Structure formats: C-alpha cells, structure tokens
Amino acid sequence: MQQRTLPYLLLLPATLFLCVFFIYPFLLVAWQAISQDGALTLEHFRTMAGHWKFSTAFWNTMLLALAVVPVQLALALFMATLVTRMGAGRDVILYIWTIPLGISDLAAGIIWLAIFEQTGFLNSILSSLGVINQPVTWLGYQDKATIFLAVVLAELWRATAIVLVILVAGMGLIPKEYYEAAEVFGAGPWKRFVRITLPLLRPSIQTALILRTILAFEVFAVVAALGGTNLPVLMGETYQWQFALQDRHVAAAYALVILAISIAFTLVFLRTLRVPKEAQV
Amino acid sequence: MTAVTATETVAATADIRKRGRLVFAATIIILCAWVLAPIYLLVVNALSSPDQVNAFPKSFVPGFETDSIAFFMGFAGVAKALFNSILVACITMALSIGLGAPAGYALSRFEFRGKGVFRIMVLMTRAFPLPLLALPLAVLFIRTGLDDTALGLALVHTTLALPFAVLITFSLFSGIPVELEEAAWTLGCTRVQAFRKVVLPLVLPGIAASAVFAFVISWNEVFAAAVLTIENRTLTAFLLQNLDVSPLHLKFAGGAVLVVPALIFIFAVRKYLFAMWGIANR
C-alpha cells in the first residue's frame with residue numbers, strides 16, 4: 001500500500017504549490033482583465049487598445065524579439081559548434097561564455113548604459129579616435145533607433161548564454177558514430193552540420209526557441225535601464241498601469257496580451273519543430 | 001619531381017591547417033572579449049570616484065577609488081534592500097528545494113498514474129510569462145496580509161525556481177542506480193534510512209547546486225519584486241525604482257553589487273548547468 005501512495009505523497013507539496021501560485025493566479029488575472037465589480041466587460045481591453053502607447057509597445061516588443069532571437073540562435077549554434085571542437089581549455093571557455101547566465105536583466109541594462117550614456121565608453125573611444133568632437137547623445141528621448149539598437153545588443157549579450165547551454169547539452173547527446181560514418185562517406189564539415197547536427201538537435205532548438213521567445217516578450221528591465229519610458233514595451237506598460245496609473249484591470253489586460261502571444265508562439269514552435277517519437281535519439 | 005610536389009602539397013595543407021587553427025583561436029578570443037569587456041567596463045566605473053565616472057573622455061583603467069561603492073552602500077535604503085534581497089533569495093532557496101526535491105525523487109523512482117500530467121504541468125510553467133503572476137497575487141496578498149513581505153515575494157520567486165529544482169533533482173536521482181538503494185534495503189535499512197545513508201550523501205552536492213541556482217533566480221528577478229514590494233524593496237526593485245533619479249555612479253555601483261555574487265554563484269554551479277538542460281529537453 002505504501003508503495004502506491006508514496007509517490008503521490010512526495011508530489012503533493014509541489015503540486016499544491018503550483019496549483020495555488022501558478023494555475024489559480026492565472027485564472028485570477030484573466031478574471032481581473034474581463035470583469036469590473038463582478039460583471040463581465042471588455043472595457044479594460046478597450047482602454048488598453050485605445051491608449052496611444054499600446055500599439056507602439058506591442059510592435060516594439062515584437063520587433064525586439066524578431067531582431068534578437070534569430071541572431072541569438074545563429075550565434076549560439078556557432079559557439080556550440082566551436083565548443084565541440086575544443087580540446088584543452090574547453091571548460092574555461094564554456095564558463096566564460098555562460099557568465100551572462102547569472103546576470104540579471106537590470107544589471108545587463110546598467111552595464112550597457114555604461115557604454116552608451118553620454119559620457120560613456122563608446123563616446124570616449126569615438127572622441128579619442130577623432131571621429132567626434134563632443135559627446136553624442138545616444139539614449140535621448142528622440143533617439144528611438146539607437147535605444148532600440150542598444151537594447152538589442154544588451155539582450156544579445158545577456159541571453160545568448162542560455163541558448164548556448166541548451167544547445168551544447170543537446171549536442172552532447174548526438175552519437176559520435178553518425179559523424180564518423182558521414183566522414184567515411186566523404187561529407188565535409190558543413191554537410192555534417194546541416195545533415196546531422198541540425199536535424200538531431202531539433203528538440204534542443206525547439207526548447208531554446210520557446211524559452212527565449214517567451215523571455216523576449218517579457219523584456220522589461222533592460223529597456224527601463226537604457227531607455228526609461230522612451231521605448232515603450234508591453235511589460236513596461238503593464239508596470240506603468242499597475243503603478244503609475246493605478247489601474248489593475250488594464251494591467252491585467254496587458255498581462256493577457258503577453259500571455260496570448262507567448263502561448264501562440266509556443267504552439268507554433270511545438271508544431272513546426274515537432275519531432276516524431278520514432279525519430280528521437 | 002613528383003616527390004617535390006608531394007612535399008609541397010604537404011607543406012601547403014599544413015599551412016592551411018595552421019591558419020585554420022589561428023582563425024579558430026582568434027574567434028574564440030573575440031567571443032570571450034565580447035562577453036568579458038562589458039563587465040570589465042562596469043567594474044571600471046564601480047571602482048572609480050563619482051568625478052571620474054562623470055568625466056569625459058573616460059579612462060579605461062579604474063581609478064581604484066572606493067568612493068562610489070561607499071556612497072552606494074551608505075545611500076538611504078540600500079543596506080535594507082540588500083538584506084531583503086538576501087532574505088527573499090534564502091526563503092526561495094529553501095522552499096524550492098523543500099518542495100522540488102521530493103517531487104524529483106518521485107519522478108525518478110516510481111512509475112505511477114498521473115506522472116505524465118505532473119511533468120506537463122512543470123514543463124508548462126516554462127511557456128508562461130511567470131513574473132506576471134505578481135499582478136493577481138498583489139491583490140491576493142493584500143487580503144491575506146502577505147503584501148510587501150519577504151515571504152510573499154519569495155512565494156512568487158519559488159514558482160520561478162521550482163520547475164528548475166524539480167528537473168535538476170530528477171536528473172540527479174536518476175543518475176544514482178536504484179540497485180544501491182535496494183542493496184541497503186536487503187541489508188535491513190528502511191526506505192528512509194536507505195535514502196539518508198546511501199542516496200543523500202551522493203546527491204548532496206547537486207542539491208546544493210540547484211539551491212544556489214534558485215538563489216540566483218530570486219536575486220536577479222526584477223518585475224515581480226518591483227510590483228510586490230513597496231517599503232521592503234529588494235535590491236533590484238530599489239535600483240529600478242530609482243533609475244530616473246539616481247546619479248550615474250550610484251547606478252553603476254548598484255549594478256556591480258548585483259553582478260558580483262551572481263558571478264561567484266554561477267562559477268560554483270557550472271558543473272550542473274548542462275545536466276539540467278540535457279534532461280530538460282525531453
């Protein structure tokens with residue numbers, strides 16, 4: 001009898017916790033977004049969509065994800081391939097490359113602020129090279145393009161490590177024999193990469209893409225540190241409505257928008273990168 | 001004649017190989033610099049006096065002044081925020097291991113109905129923007145008196161860290177042969193004794209690593225911390241709130257204080273980073 005109940009007893013605390021603090025709050029936030037004093041209403045979504053910042057925030061978030069995630073995947077694939085070819089020193093290099101994993105988005109924003117602010121390192125380099133005579137403002141309220149670029153760089157810098165770790169772990173699972181066989185039949189490095197590594201790495205690529213895209217939709221502190229409110233993003237607007245504008249219902253509506261695009265993209269990745277059961281390594 | 005061309009081709013391929021190795025090494029060094037240089041620049045700022053930080057053009061070598069850090073540490077509210085950050089992270093660590101490790105053990109040792117459902121629930125948490133949980137919980141916490149407390153925030157951070165704790169401990173327990181435990185049972189140990197004397201010593205380093213990982217997740221979290229705390233700000237919430245008003249040297253010193261512990265922790269758990277993602281793919 002004990003044998004049968006023991007696993008359930010062990011799972012009970014974690015399950016209860018996730019029900020109370022994960023599933024229930026999401027039902028609660030949905031209810032908050034579509035109700036007012038107990039009655040159903042779409043008023044909050046109308047307020048949200050009617051606000052001039054909404055579509056800017058929405059498209060900024062989308063464009064940021066679009067600019068960051070594909071580059072990250074390509075860069076991480078490249079770095080992971082280098083890692084598999086390394087001999088001595090592999091562990092040291094891997095540690096260095098995964099350092100940004102431990103750095104919070106806020107700290108990453110502050111780090112890149114040190115480079116892009118007016119008396120920062122970028123201007124110092126440019127002026128010592130004689131390119132500019134006086135400091136250029138990169139992050140002013142009119143410089144949306146450079147703020148965008150700075151955020152993209154900071155995100156590339158900070159969050160490529162997580163993709164790298166997932167891909168390196170995935171590459172470790174690919175049997176060496178496949179590569180040896182391909183080499184015997186005369187496949188070059190590029191062909192081996194395209195025909196063996198990429199297809200067999202599909203589950204890892206899927207995991208990495210889902211995780212990174214969702215995190216990209218949550219971008220918040222990096223933008224706050226580099227651009228303040230000059231570059232509105234969805235998460236930043238959620239925070240604004242919750243605090244500055246004191247309207248929880250509209251903040252909840254924003255949360256549902258972020259949730260909706262996260263789930264939509266997760267489903268897209270799950271479908272397009274599906275791995276048939278019999279094709280798994 | 002043929003012999004000469006043969007040695008020439010050998011020399012040429014050796015040359016190409018050498019050049020290839022050089023490009024390989026150079027690429028690795030550039031990528032290392034890409035990661036390390038920004039951190040170095042932050043350290044330069046943190047170790048310079050406020051005047052040096054605001055000077056232009058800026059020196060690329062730190063002034064080795066502790067004024068900025070001292071100013072930051074003495075700034076009103078910083079000491080308390082630092083304490084809150086550590087407190088919340090410690091509670092998160094204890095909760096996520098306390099709840100996650102038994103679940104990881106159950107997943108690795110038993111076959112039972114509902115196992116798939118639980119795994120899907122754990123994996124599902126990754127498809128959700130979890131910091132948003134702070135919004136509805138803010139209301140709930142006001143009703144239950146948990147608002148603006150370390151425990152309330154730690155509960156949210158635990159939802160972030162728990163899935164990782166479950167997956168890491170699952171892979172740890174799966175790495176220990178069940179035969180070891182069975183041998184202990186046949187020698188007269190009870191299930192609990194066998195676990196304590198045989199399994200626990202073997203997994204303890206891994207458990208410690210996943211605890212550290214939970215600590216870092218909580219230490220770095222910004223959004224939920226900023227939403228759920230008002231008086232009892234954590235360090236990230238404090239820095240975020242003061243972004244508009246604080247002078248540059250305060251921001252950079254704060255950034256450095258955020259980064260340094262994270263670096264040490266990641267160094268401590270580096271061995272386990274890959275184990276957990278390898279298993280998490282499935």
# chains A, B, ... in the order shown; residues from 1 in each chain; ligands from 1
call {"tool": "interface_residues", "arguments": {"of": "chain B", "to": "chain A", "cutoff": "6 Å", "atoms": "only C-alpha atoms", "output": "mmCIF file with C-alpha atoms, in the first residue's frame"}}
result
data_model
loop_
_atom_site.group_PDB
_atom_site.id
_atom_site.type_symbol
_atom_site.label_atom_id
_atom_site.label_comp_id
_atom_site.auth_asym_id
_atom_site.auth_seq_id
_atom_site.Cartn_x
_atom_site.Cartn_y
_atom_site.Cartn_z
ATOM 1 C CA LEU B 42 31.158 48.198 -15.354
ATOM 2 C CA PHE B 56 34.810 62.853 -20.312
ATOM 3 C CA PRO B 57 36.602 61.304 -22.105
ATOM 4 C CA LYS B 58 36.646 58.424 -19.736
ATOM 5 C CA LEU B 99 9.073 21.192 -2.469
ATOM 6 C CA PRO B 102 10.697 15.124 -3.158
ATOM 7 C CA ALA B 103 8.938 15.598 -6.487
ATOM 8 C CA ALA B 106 9.231 10.548 -7.016
ATOM 9 C CA PRO B 136 -3.084 38.961 -9.369
ATOM 10 C CA ASN B 220 18.075 38.632 -10.210
ATOM 11 C CA GLY B 255 24.956 47.213 -10.947
ATOM 12 C CA VAL B 259 26.636 41.227 -10.692
ATOM 13 C CA ALA B 262 25.876 36.113 -9.427
ATOM 14 C CA ILE B 266 27.459 30.586 -11.469
ATOM 15 C CA PHE B 274 24.460 21.194 -18.579
ATOM 16 C CA TRP B 277 19.259 21.264 -19.681
ATOM 17 C CA GLY B 278 20.180 17.952 -21.211
ATOM 18 C CA ASN B 281 14.949 18.659 -23.474
#
call {"tool": "select_by_dssp", "arguments": {"residues": "stretch 62-265 of chain B", "states": "helix (DSSP H, G or I)", "output": "PyMOL selection string"}}
result
chain B and resi 67-74+78-109+115-127+130-144+150-174+178-186+191-220+223-228+235-241+248-265
call {"tool": "write_last_selection", "arguments": {"atoms": "C-alpha atoms", "output": "compact mmCIF listing (two decimals), in the first residue's frame"}}
result
# COMPACT_ATOMS: atom_id res chain seq x y z
CA ASP B 67 34.04 56.38 -3.07
CA SER B 68 31.31 55.20 -5.43
CA ILE B 69 30.80 51.89 -3.68
CA ALA B 70 30.96 53.56 -0.27
CA PHE B 71 28.44 56.19 -1.41
CA PHE B 72 26.16 53.43 -2.67
CA MET B 73 26.39 51.36 0.49
CA GLY B 74 25.72 54.41 2.64
CA VAL B 78 20.47 50.31 0.21
CA ALA B 79 21.51 48.29 3.26
CA LYS B 80 17.92 47.30 3.88
CA ALA B 81 17.32 46.44 0.22
CA LEU B 82 20.42 44.26 0.24
CA PHE B 83 19.19 42.49 3.36
CA ASN B 84 15.74 41.98 1.79
CA SER B 85 17.26 40.56 -1.39
CA ILE B 86 19.25 38.00 0.58
CA LEU B 87 16.29 37.14 2.81
CA VAL B 88 13.91 36.60 -0.11
CA ALA B 89 16.51 34.57 -2.00
CA CYS B 90 17.13 32.33 1.03
CA ILE B 91 13.41 31.65 1.55
CA THR B 92 13.07 30.91 -2.18
CA MET B 93 16.01 28.53 -1.97
CA ALA B 94 14.54 26.63 0.99
CA LEU B 95 11.03 26.46 -0.48
CA SER B 96 12.03 25.36 -3.96
CA ILE B 97 14.32 22.59 -2.71
CA GLY B 98 11.92 21.53 0.03
CA LEU B 99 9.07 21.19 -2.47
CA GLY B 100 11.06 20.27 -5.57
CA ALA B 101 13.43 17.56 -4.32
CA PRO B 102 10.70 15.12 -3.16
CA ALA B 103 8.94 15.60 -6.49
CA GLY B 104 12.18 14.97 -8.38
CA TYR B 105 12.75 11.81 -6.34
CA ALA B 106 9.23 10.55 -7.02
CA LEU B 107 9.57 11.18 -10.75
CA SER B 108 12.88 9.32 -10.95
CA ARG B 109 11.97 6.28 -8.80
CA LYS B 115 3.19 11.14 -13.72
CA GLY B 116 2.79 12.49 -17.24
CA VAL B 117 0.31 15.11 -16.10
CA PHE B 118 2.69 16.38 -13.43
CA ARG B 119 5.59 16.57 -15.86
CA ILE B 120 3.47 18.51 -18.32
CA MET B 121 2.47 20.95 -15.57
CA VAL B 122 6.12 21.51 -14.67
CA LEU B 123 7.11 21.98 -18.32
CA MET B 124 4.10 24.23 -18.92
CA THR B 125 5.38 26.75 -16.40
CA ARG B 126 8.11 27.47 -18.92
CA ALA B 127 5.61 28.54 -21.58
CA LEU B 130 5.75 33.92 -14.80
CA PRO B 131 6.62 37.40 -13.46
CA LEU B 132 3.09 38.41 -14.49
CA LEU B 133 1.84 36.24 -11.62
CA ALA B 134 2.77 39.14 -9.40
CA LEU B 135 -0.22 41.16 -10.65
CA PRO B 136 -3.08 38.96 -9.37
CA LEU B 137 -1.07 37.91 -6.33
CA ALA B 138 -0.66 41.55 -5.33
CA VAL B 139 -4.41 41.68 -4.71
CA LEU B 140 -4.49 38.29 -3.03
CA PHE B 141 -1.61 39.20 -0.74
CA ILE B 142 -3.26 42.39 0.46
CA ARG B 143 -6.23 40.29 1.56
CA THR B 144 -4.05 37.75 3.38
CA ALA B 150 9.70 38.88 2.07
CA LEU B 151 7.64 35.69 2.27
CA GLY B 152 5.07 36.92 -0.26
CA LEU B 153 7.72 37.76 -2.82
CA ALA B 154 9.59 34.53 -2.11
CA LEU B 155 6.41 32.57 -2.92
CA VAL B 156 6.34 34.13 -6.40
CA HIS B 157 10.06 33.54 -6.89
CA THR B 158 9.53 29.92 -5.88
CA THR B 159 7.16 29.42 -8.82
CA LEU B 160 10.06 30.59 -11.00
CA ALA B 161 12.63 28.34 -9.33
CA LEU B 162 10.54 25.25 -8.55
CA PRO B 163 10.41 23.81 -12.10
CA PHE B 164 14.20 24.03 -12.27
CA ALA B 165 14.56 22.40 -8.85
CA VAL B 166 12.29 19.53 -9.91
CA LEU B 167 14.15 18.97 -13.19
CA ILE B 168 17.63 19.16 -11.65
CA THR B 169 16.83 16.86 -8.73
CA PHE B 170 15.06 14.47 -11.11
CA SER B 171 18.24 14.18 -13.18
CA LEU B 172 20.36 13.83 -10.02
CA PHE B 173 18.30 10.99 -8.57
CA SER B 174 18.08 9.30 -11.97
CA VAL B 178 18.32 2.08 -7.83
CA GLU B 179 20.34 -1.09 -7.02
CA LEU B 180 22.30 0.85 -4.41
CA GLU B 181 19.10 1.57 -2.54
CA GLU B 182 17.85 -1.99 -2.98
CA ALA B 183 21.09 -3.33 -1.56
CA ALA B 184 20.59 -1.17 1.52
CA TRP B 185 17.04 -2.47 1.93
CA THR B 186 18.18 -6.10 1.80
CA ARG B 191 13.26 3.16 2.99
CA VAL B 192 14.02 6.36 4.92
CA GLN B 193 17.30 5.02 6.32
CA ALA B 194 18.43 3.86 2.89
CA PHE B 195 17.66 7.26 1.48
CA ARG B 196 19.50 9.09 4.25
CA LYS B 197 22.58 6.88 4.36
CA VAL B 198 23.03 5.93 0.70
CA VAL B 199 21.29 8.36 -1.64
CA LEU B 200 21.55 11.64 0.22
CA PRO B 201 25.35 11.80 0.54
CA LEU B 202 25.64 11.15 -3.20
CA VAL B 203 23.21 13.84 -4.31
CA LEU B 204 24.05 16.49 -1.73
CA PRO B 205 26.47 18.48 -3.94
CA GLY B 206 23.92 18.53 -6.75
CA ILE B 207 21.15 19.61 -4.39
CA ALA B 208 23.39 22.40 -3.14
CA ALA B 209 23.96 23.48 -6.75
CA SER B 210 20.26 23.62 -7.51
CA ALA B 211 19.72 25.57 -4.27
CA VAL B 212 22.30 28.09 -5.44
CA PHE B 213 20.53 28.27 -8.78
CA ALA B 214 17.24 29.06 -7.01
CA PHE B 215 19.05 31.77 -5.05
CA VAL B 216 20.34 33.39 -8.25
CA ILE B 217 16.91 33.29 -9.91
CA SER B 218 15.42 35.16 -6.96
CA TRP B 219 18.36 37.55 -6.57
CA ASN B 220 18.08 38.63 -10.21
CA PHE B 223 9.43 42.69 -12.28
CA ALA B 224 7.67 40.74 -9.52
CA ALA B 225 9.95 42.31 -6.93
CA ALA B 226 9.05 45.80 -8.15
CA VAL B 227 5.32 45.02 -8.21
CA LEU B 228 5.05 43.27 -4.86
CA LEU B 235 17.94 45.47 -4.38
CA THR B 236 16.68 45.04 -7.95
CA ALA B 237 13.37 46.75 -7.14
CA PHE B 238 15.23 49.55 -5.36
CA LEU B 239 17.54 50.15 -8.33
CA LEU B 240 14.69 50.01 -10.83
CA GLN B 241 12.60 52.47 -8.86
CA LEU B 248 25.30 57.59 -12.74
CA HIS B 249 27.85 56.46 -10.15
CA LEU B 250 25.04 55.17 -7.93
CA LYS B 251 23.62 53.09 -10.80
CA PHE B 252 26.99 51.61 -11.70
CA ALA B 253 27.92 50.77 -8.11
CA GLY B 254 24.50 49.15 -7.73
CA GLY B 255 24.96 47.21 -10.95
CA ALA B 256 28.31 45.91 -9.77
CA VAL B 257 26.87 44.82 -6.42
CA LEU B 258 24.17 42.92 -8.36
CA VAL B 259 26.64 41.23 -10.69
CA VAL B 260 29.43 40.06 -8.40
CA PRO B 261 27.51 37.49 -6.28
CA ALA B 262 25.88 36.11 -9.43
CA LEU B 263 29.33 35.52 -10.97
CA ILE B 264 30.53 33.61 -7.93
CA PHE B 265 27.37 31.51 -7.81
call {"tool": "residues_around", "arguments": {"residues": "A:Thr56", "least_positions_apart": "4", "cutoff": "8 Å", "atoms": "only C-alpha atoms", "output": "PyMOL selection string"}}
result
chain A and resi 52+60+232-233
call {"tool": "write_last_selection", "arguments": {"atoms": "C-alpha atoms", "output": "PDB file, in the first residue's frame"}}
result
ATOM      1  CA  TRP A  52      -1.750  55.722 -27.809  1.00  0.00           C
ATOM      2  CA  ASN A  60       8.371  47.384 -30.206  1.00  0.00           C
ATOM      3  CA  PRO A 232       7.549  51.515 -24.586  1.00  0.00           C
ATOM      4  CA  VAL A 233       7.321  47.711 -24.392  1.00  0.00           C
TER       5      VAL A 233
END
